[in-house]
Every structure is written in structure tokens, then in C-alpha cells.
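Content type mmCIF, N, CA and C atoms, from the file protein-v8.cif:
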```
data_data
loop_
_atom_site.label_atom_id
_atom_site.label_comp_id
_atom_site.auth_asym_id
_atom_site.auth_seq_id
_atom_site.Cartn_x
_atom_site.Cartn_y
_atom_site.Cartn_z
N MET A 1 18.86 -66.58 118.90
CA MET A 1 18.75 -65.15 119.03
C MET A 1 17.30 -64.77 118.75
N THR A 2 16.74 -64.03 119.64
CA THR A 2 15.35 -63.62 119.46
C THR A 2 15.30 -62.28 118.73
N ARG A 3 14.13 -62.00 118.19
CA ARG A 3 13.96 -60.78 117.42
C ARG A 3 14.13 -59.54 118.30
N ALA A 4 13.75 -59.61 119.54
CA ALA A 4 13.87 -58.47 120.44
C ALA A 4 15.32 -58.15 120.75
N ARG A 5 16.21 -59.13 120.68
CA ARG A 5 17.62 -58.91 121.03
C ARG A 5 18.43 -58.35 119.87
N ILE A 6 17.92 -58.41 118.65
CA ILE A 6 18.68 -57.94 117.50
C ILE A 6 19.05 -56.47 117.62
N PRO A 7 18.11 -55.55 117.96
CA PRO A 7 18.51 -54.14 118.10
C PRO A 7 19.58 -53.93 119.16
N GLU A 8 19.53 -54.69 120.25
CA GLU A 8 20.55 -54.54 121.29
C GLU A 8 21.92 -54.94 120.76
N GLN A 9 21.96 -56.01 120.00
CA GLN A 9 23.24 -56.47 119.48
C GLN A 9 23.77 -55.53 118.40
N LEU A 10 22.87 -54.92 117.60
CA LEU A 10 23.32 -53.95 116.61
C LEU A 10 23.92 -52.73 117.29
N ARG A 11 23.31 -52.30 118.37
CA ARG A 11 23.88 -51.16 119.11
C ARG A 11 25.25 -51.53 119.68
N ALA A 12 25.40 -52.77 120.09
CA ALA A 12 26.67 -53.20 120.68
C ALA A 12 27.79 -53.20 119.64
N ILE A 13 27.47 -53.48 118.37
CA ILE A 13 28.53 -53.52 117.34
C ILE A 13 28.58 -52.27 116.49
N GLY A 14 27.83 -51.25 116.82
CA GLY A 14 27.93 -50.00 116.09
C GLY A 14 26.63 -49.54 115.49
N GLY A 15 25.56 -50.22 115.75
CA GLY A 15 24.24 -49.77 115.30
C GLY A 15 24.08 -49.77 113.80
N THR A 16 23.56 -48.68 113.30
CA THR A 16 23.21 -48.56 111.88
C THR A 16 24.44 -48.63 110.98
N GLY A 17 25.54 -48.07 111.43
CA GLY A 17 26.76 -48.09 110.63
C GLY A 17 27.23 -49.50 110.33
N ALA A 18 27.13 -50.38 111.30
CA ALA A 18 27.53 -51.77 111.10
C ALA A 18 26.59 -52.46 110.12
N LEU A 19 25.31 -52.16 110.22
CA LEU A 19 24.34 -52.76 109.32
C LEU A 19 24.57 -52.29 107.88
N ILE A 20 24.88 -51.01 107.70
CA ILE A 20 25.17 -50.48 106.37
C ILE A 20 26.44 -51.12 105.81
N ALA A 21 27.46 -51.24 106.64
CA ALA A 21 28.71 -51.86 106.19
C ALA A 21 28.48 -53.32 105.80
N LEU A 22 27.68 -54.03 106.57
CA LEU A 22 27.38 -55.42 106.24
C LEU A 22 26.65 -55.51 104.91
N GLY A 23 25.68 -54.63 104.69
CA GLY A 23 24.95 -54.61 103.43
C GLY A 23 25.85 -54.30 102.25
N ALA A 24 26.79 -53.37 102.43
CA ALA A 24 27.71 -53.01 101.36
C ALA A 24 28.63 -54.17 101.01
N VAL A 25 29.12 -54.86 102.03
CA VAL A 25 30.01 -56.01 101.78
C VAL A 25 29.26 -57.12 101.05
N LEU A 26 28.06 -57.44 101.53
CA LEU A 26 27.29 -58.50 100.89
C LEU A 26 26.88 -58.12 99.47
N GLY A 27 26.45 -56.88 99.27
CA GLY A 27 26.05 -56.44 97.94
C GLY A 27 27.21 -56.41 96.98
N GLY A 28 28.35 -55.89 97.42
CA GLY A 28 29.54 -55.86 96.57
C GLY A 28 30.04 -57.25 96.22
N GLY A 29 30.00 -58.14 97.18
CA GLY A 29 30.42 -59.52 96.91
C GLY A 29 29.50 -60.20 95.92
N THR A 30 28.21 -59.96 96.04
CA THR A 30 27.26 -60.55 95.10
C THR A 30 27.51 -60.01 93.70
N PHE A 31 27.76 -58.72 93.57
CA PHE A 31 28.04 -58.12 92.26
C PHE A 31 29.28 -58.76 91.64
N LEU A 32 30.34 -58.92 92.43
CA LEU A 32 31.57 -59.51 91.88
C LEU A 32 31.37 -60.94 91.43
N VAL A 33 30.61 -61.71 92.19
CA VAL A 33 30.36 -63.10 91.81
C VAL A 33 29.55 -63.16 90.52
N LEU A 34 28.50 -62.35 90.41
CA LEU A 34 27.67 -62.37 89.21
C LEU A 34 28.42 -61.81 88.01
N ASP A 35 29.31 -60.85 88.22
CA ASP A 35 30.06 -60.27 87.11
C ASP A 35 31.06 -61.27 86.53
N THR A 36 31.57 -62.17 87.34
CA THR A 36 32.54 -63.14 86.84
C THR A 36 31.87 -64.34 86.19
N MET A 37 30.55 -64.43 86.28
CA MET A 37 29.83 -65.56 85.71
C MET A 37 29.26 -65.22 84.33
N ASN A 38 30.05 -64.56 83.47
CA ASN A 38 29.59 -64.21 82.13
C ASN A 38 29.39 -65.47 81.31
N PRO A 39 28.27 -65.57 80.59
CA PRO A 39 28.08 -66.74 79.72
C PRO A 39 29.01 -66.66 78.53
N SER A 40 29.29 -67.80 77.94
CA SER A 40 30.16 -67.82 76.77
C SER A 40 29.47 -67.11 75.62
N PRO A 41 30.24 -66.53 74.68
CA PRO A 41 29.62 -65.79 73.59
C PRO A 41 28.75 -66.65 72.68
N ASN A 42 28.95 -67.94 72.66
CA ASN A 42 28.18 -68.83 71.78
C ASN A 42 27.14 -69.60 72.57
N HIS A 43 26.39 -68.92 73.41
CA HIS A 43 25.41 -69.60 74.25
C HIS A 43 24.06 -69.75 73.56
N GLY A 44 23.93 -69.30 72.31
CA GLY A 44 22.71 -69.53 71.56
C GLY A 44 21.73 -68.37 71.54
N SER A 45 21.97 -67.35 72.32
CA SER A 45 21.06 -66.22 72.33
C SER A 45 21.53 -65.18 71.33
N GLU A 46 20.59 -64.56 70.63
CA GLU A 46 20.95 -63.54 69.66
C GLU A 46 21.08 -62.17 70.31
N PHE A 47 20.60 -62.01 71.53
CA PHE A 47 20.61 -60.71 72.19
C PHE A 47 21.66 -60.68 73.27
N SER A 48 22.39 -59.59 73.33
CA SER A 48 23.39 -59.40 74.37
C SER A 48 23.27 -57.98 74.88
N LEU A 49 23.47 -57.79 76.17
CA LEU A 49 23.42 -56.45 76.73
C LEU A 49 24.58 -55.59 76.24
N ARG A 50 25.61 -56.22 75.71
CA ARG A 50 26.75 -55.47 75.21
C ARG A 50 26.56 -55.02 73.77
N ASP A 51 25.60 -55.62 73.04
CA ASP A 51 25.33 -55.23 71.66
C ASP A 51 24.57 -53.92 71.65
N PRO A 52 24.84 -53.07 70.65
CA PRO A 52 24.07 -51.83 70.56
C PRO A 52 22.63 -52.13 70.16
N TYR A 53 21.71 -51.32 70.63
CA TYR A 53 20.31 -51.46 70.26
C TYR A 53 19.88 -50.16 69.61
N TYR A 54 19.46 -50.24 68.37
CA TYR A 54 18.99 -49.07 67.66
C TYR A 54 17.49 -49.21 67.46
N GLN A 55 16.75 -48.23 67.95
CA GLN A 55 15.31 -48.26 67.78
C GLN A 55 14.94 -47.90 66.35
N THR A 56 15.71 -47.01 65.73
CA THR A 56 15.47 -46.61 64.35
C THR A 56 16.79 -46.60 63.60
N CYS A 57 16.68 -46.60 62.27
CA CYS A 57 17.90 -46.51 61.45
C CYS A 57 18.57 -45.15 61.62
N ARG A 58 17.79 -44.13 61.92
CA ARG A 58 18.39 -42.82 62.15
C ARG A 58 19.38 -42.89 63.31
N GLU A 59 19.02 -43.61 64.38
CA GLU A 59 19.94 -43.78 65.51
C GLU A 59 21.19 -44.53 65.07
N ALA A 60 21.03 -45.54 64.23
CA ALA A 60 22.18 -46.29 63.74
C ALA A 60 23.08 -45.40 62.88
N PHE A 61 22.49 -44.59 62.00
CA PHE A 61 23.27 -43.69 61.16
C PHE A 61 24.03 -42.67 62.01
N GLN A 62 23.39 -42.16 63.05
CA GLN A 62 24.05 -41.20 63.93
C GLN A 62 25.21 -41.83 64.68
N ASP A 63 25.15 -43.14 64.87
CA ASP A 63 26.23 -43.86 65.53
C ASP A 63 27.29 -44.33 64.52
N GLY A 64 27.10 -43.96 63.25
CA GLY A 64 28.06 -44.35 62.21
C GLY A 64 27.84 -45.74 61.66
N ARG A 65 26.67 -46.32 61.89
CA ARG A 65 26.39 -47.68 61.43
C ARG A 65 25.41 -47.64 60.26
N ALA A 66 25.68 -48.41 59.25
CA ALA A 66 24.77 -48.58 58.12
C ALA A 66 25.07 -49.96 57.53
N LYS A 67 24.12 -50.49 56.83
CA LYS A 67 24.27 -51.82 56.20
C LYS A 67 24.70 -52.89 57.19
N MET A 68 23.95 -52.99 58.30
CA MET A 68 24.25 -54.02 59.29
C MET A 68 23.68 -55.35 58.78
N ARG A 69 24.53 -56.33 58.68
CA ARG A 69 24.11 -57.63 58.17
C ARG A 69 23.56 -58.50 59.29
N SER A 70 22.73 -59.43 58.92
CA SER A 70 22.14 -60.36 59.89
C SER A 70 23.25 -61.05 60.68
N GLY A 71 23.13 -61.05 61.99
CA GLY A 71 24.14 -61.66 62.86
C GLY A 71 25.14 -60.66 63.43
N GLU A 72 25.24 -59.48 62.84
CA GLU A 72 26.14 -58.46 63.34
C GLU A 72 25.49 -57.72 64.51
N PRO A 73 26.31 -57.15 65.40
CA PRO A 73 25.74 -56.36 66.50
C PRO A 73 24.92 -55.19 65.97
N GLY A 74 23.75 -55.00 66.53
CA GLY A 74 22.87 -53.90 66.14
C GLY A 74 21.82 -54.29 65.13
N TYR A 75 22.00 -55.42 64.43
CA TYR A 75 21.01 -55.84 63.43
C TYR A 75 19.73 -56.32 64.12
N ARG A 76 18.60 -55.86 63.61
CA ARG A 76 17.30 -56.36 64.02
C ARG A 76 16.44 -56.48 62.77
N ALA A 77 15.62 -57.50 62.71
CA ALA A 77 14.76 -57.71 61.54
C ALA A 77 13.82 -56.52 61.33
N GLU A 78 13.45 -55.84 62.40
CA GLU A 78 12.56 -54.68 62.28
C GLU A 78 13.20 -53.53 61.52
N LEU A 79 14.53 -53.49 61.45
CA LEU A 79 15.24 -52.44 60.73
C LEU A 79 15.54 -52.82 59.29
N ASP A 80 15.22 -54.05 58.92
CA ASP A 80 15.47 -54.55 57.57
C ASP A 80 14.18 -54.41 56.75
N ALA A 81 14.05 -53.31 56.05
CA ALA A 81 12.79 -52.98 55.36
C ALA A 81 12.45 -53.95 54.24
N ASP A 82 13.46 -54.44 53.50
CA ASP A 82 13.17 -55.32 52.37
C ASP A 82 13.50 -56.78 52.65
N ASN A 83 13.77 -57.11 53.90
CA ASN A 83 14.01 -58.51 54.33
C ASN A 83 15.09 -59.22 53.52
N ASP A 84 16.18 -58.50 53.23
CA ASP A 84 17.28 -59.13 52.49
C ASP A 84 18.47 -59.46 53.38
N GLY A 85 18.32 -59.29 54.70
CA GLY A 85 19.41 -59.61 55.63
C GLY A 85 20.34 -58.44 55.89
N ILE A 86 20.02 -57.27 55.34
CA ILE A 86 20.83 -56.08 55.55
C ILE A 86 19.92 -54.98 56.08
N ALA A 87 20.21 -54.51 57.28
CA ALA A 87 19.38 -53.48 57.91
C ALA A 87 19.99 -52.10 57.69
N CYS A 88 19.12 -51.12 57.63
CA CYS A 88 19.52 -49.71 57.53
C CYS A 88 20.34 -49.43 56.30
N GLU A 89 19.85 -49.90 55.16
CA GLU A 89 20.55 -49.60 53.91
C GLU A 89 20.19 -48.19 53.47
N PRO A 90 21.20 -47.38 53.16
CA PRO A 90 20.87 -46.07 52.64
C PRO A 90 20.26 -46.21 51.24
N PHE A 91 19.36 -45.34 50.90
CA PHE A 91 18.77 -45.39 49.57
C PHE A 91 18.69 -44.00 48.99
N LEU A 92 18.67 -43.94 47.68
CA LEU A 92 18.55 -42.67 46.97
C LEU A 92 17.09 -42.42 46.63
N ARG A 93 16.64 -41.24 46.90
CA ARG A 93 15.26 -40.90 46.54
C ARG A 93 15.19 -40.65 45.05
N ARG A 94 14.07 -41.00 44.45
CA ARG A 94 13.89 -40.81 43.01
C ARG A 94 13.25 -39.50 42.71
#
```

The structure in this file should be written as C-alpha cells.
Amino acid sequence: MTRARIPEQLRAIGGTGALIALGAVLGGGTFLVLDTMNPSPNHGSEFSLRDPYYQTCREAFQDGRAKMRSGEPGYRAELDADNDGIACEPFLRR
């Protein structure tokens, strides 16, 4: 099939509509295949797209989270001010 004949053949099968339908089928199929290929939860990575990400402890508090321990969803070393393995610990002002 030559490049010049492609537009003629697209017109024969419905033109742009057929091309859009083909793209939708291929895109949807790719999404389904990739969605079913979830890695196991113990794959060695500490980050997951399903884990909450809190930029600040204020965001964690607003989400009802406090005292997140190392290894729990939402814990990041940057939120652990005293490096004791517990992030976003509430404290009393003196």
C-alpha cells in the first residue's frame, strides 16, 4: 500500500470517523492491558501512585493523618522533623 492510496482507502471505509474509531479501540485496549499489569505490592519500591502524598504536615492534618510511622502510606522523611521515624507529630507550644 502506498502513501498516496491511504486517503482513498480511508474514504472508502468511512474517512475520519473510521480513523477515530480505530484510535479509540487501540487506545482503550492499551489502557486495559496496562491496567491489568499492576506490580505486586512487595516489588521493593517505597513510592506508589496509590499512596497519599502530603507536601506539608498541614495537608496531612487536614486529611485526618498525624503520627505517620516510617513505612506507612503518606510518610516521608521530609515530614519527620526530629528523625525519629514518626512524621507530622503534633506538639504543644511552650

- Any idea what's packed within 6.5 Å of stretch 64-68 of chain A, counting all atoms listed in the file, ignoring anything in its chain fewer than 5 positions away? Could you give it as an MDAnalysis selection string? chainID A and resid 59 74:75 85:90

- Note on the structure: re atom C of A:Arg50 and atom N of A:Arg76: distance 12.9 Å

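Taking atom N of A:Gln55 as the reference point, atom CA of A:Glu78 is found at 9.6 Å.
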
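The space between atom CA of A:Tyr53 and atom CA of A:Pro73 spans 8.2 Å.
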
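Candidate residues A:Asp51, A:Glu8, A:Phe91, A:Gly23 were compared for distance to A:Gly71, and the nearest is A:Asp51, using only C-alpha atoms.
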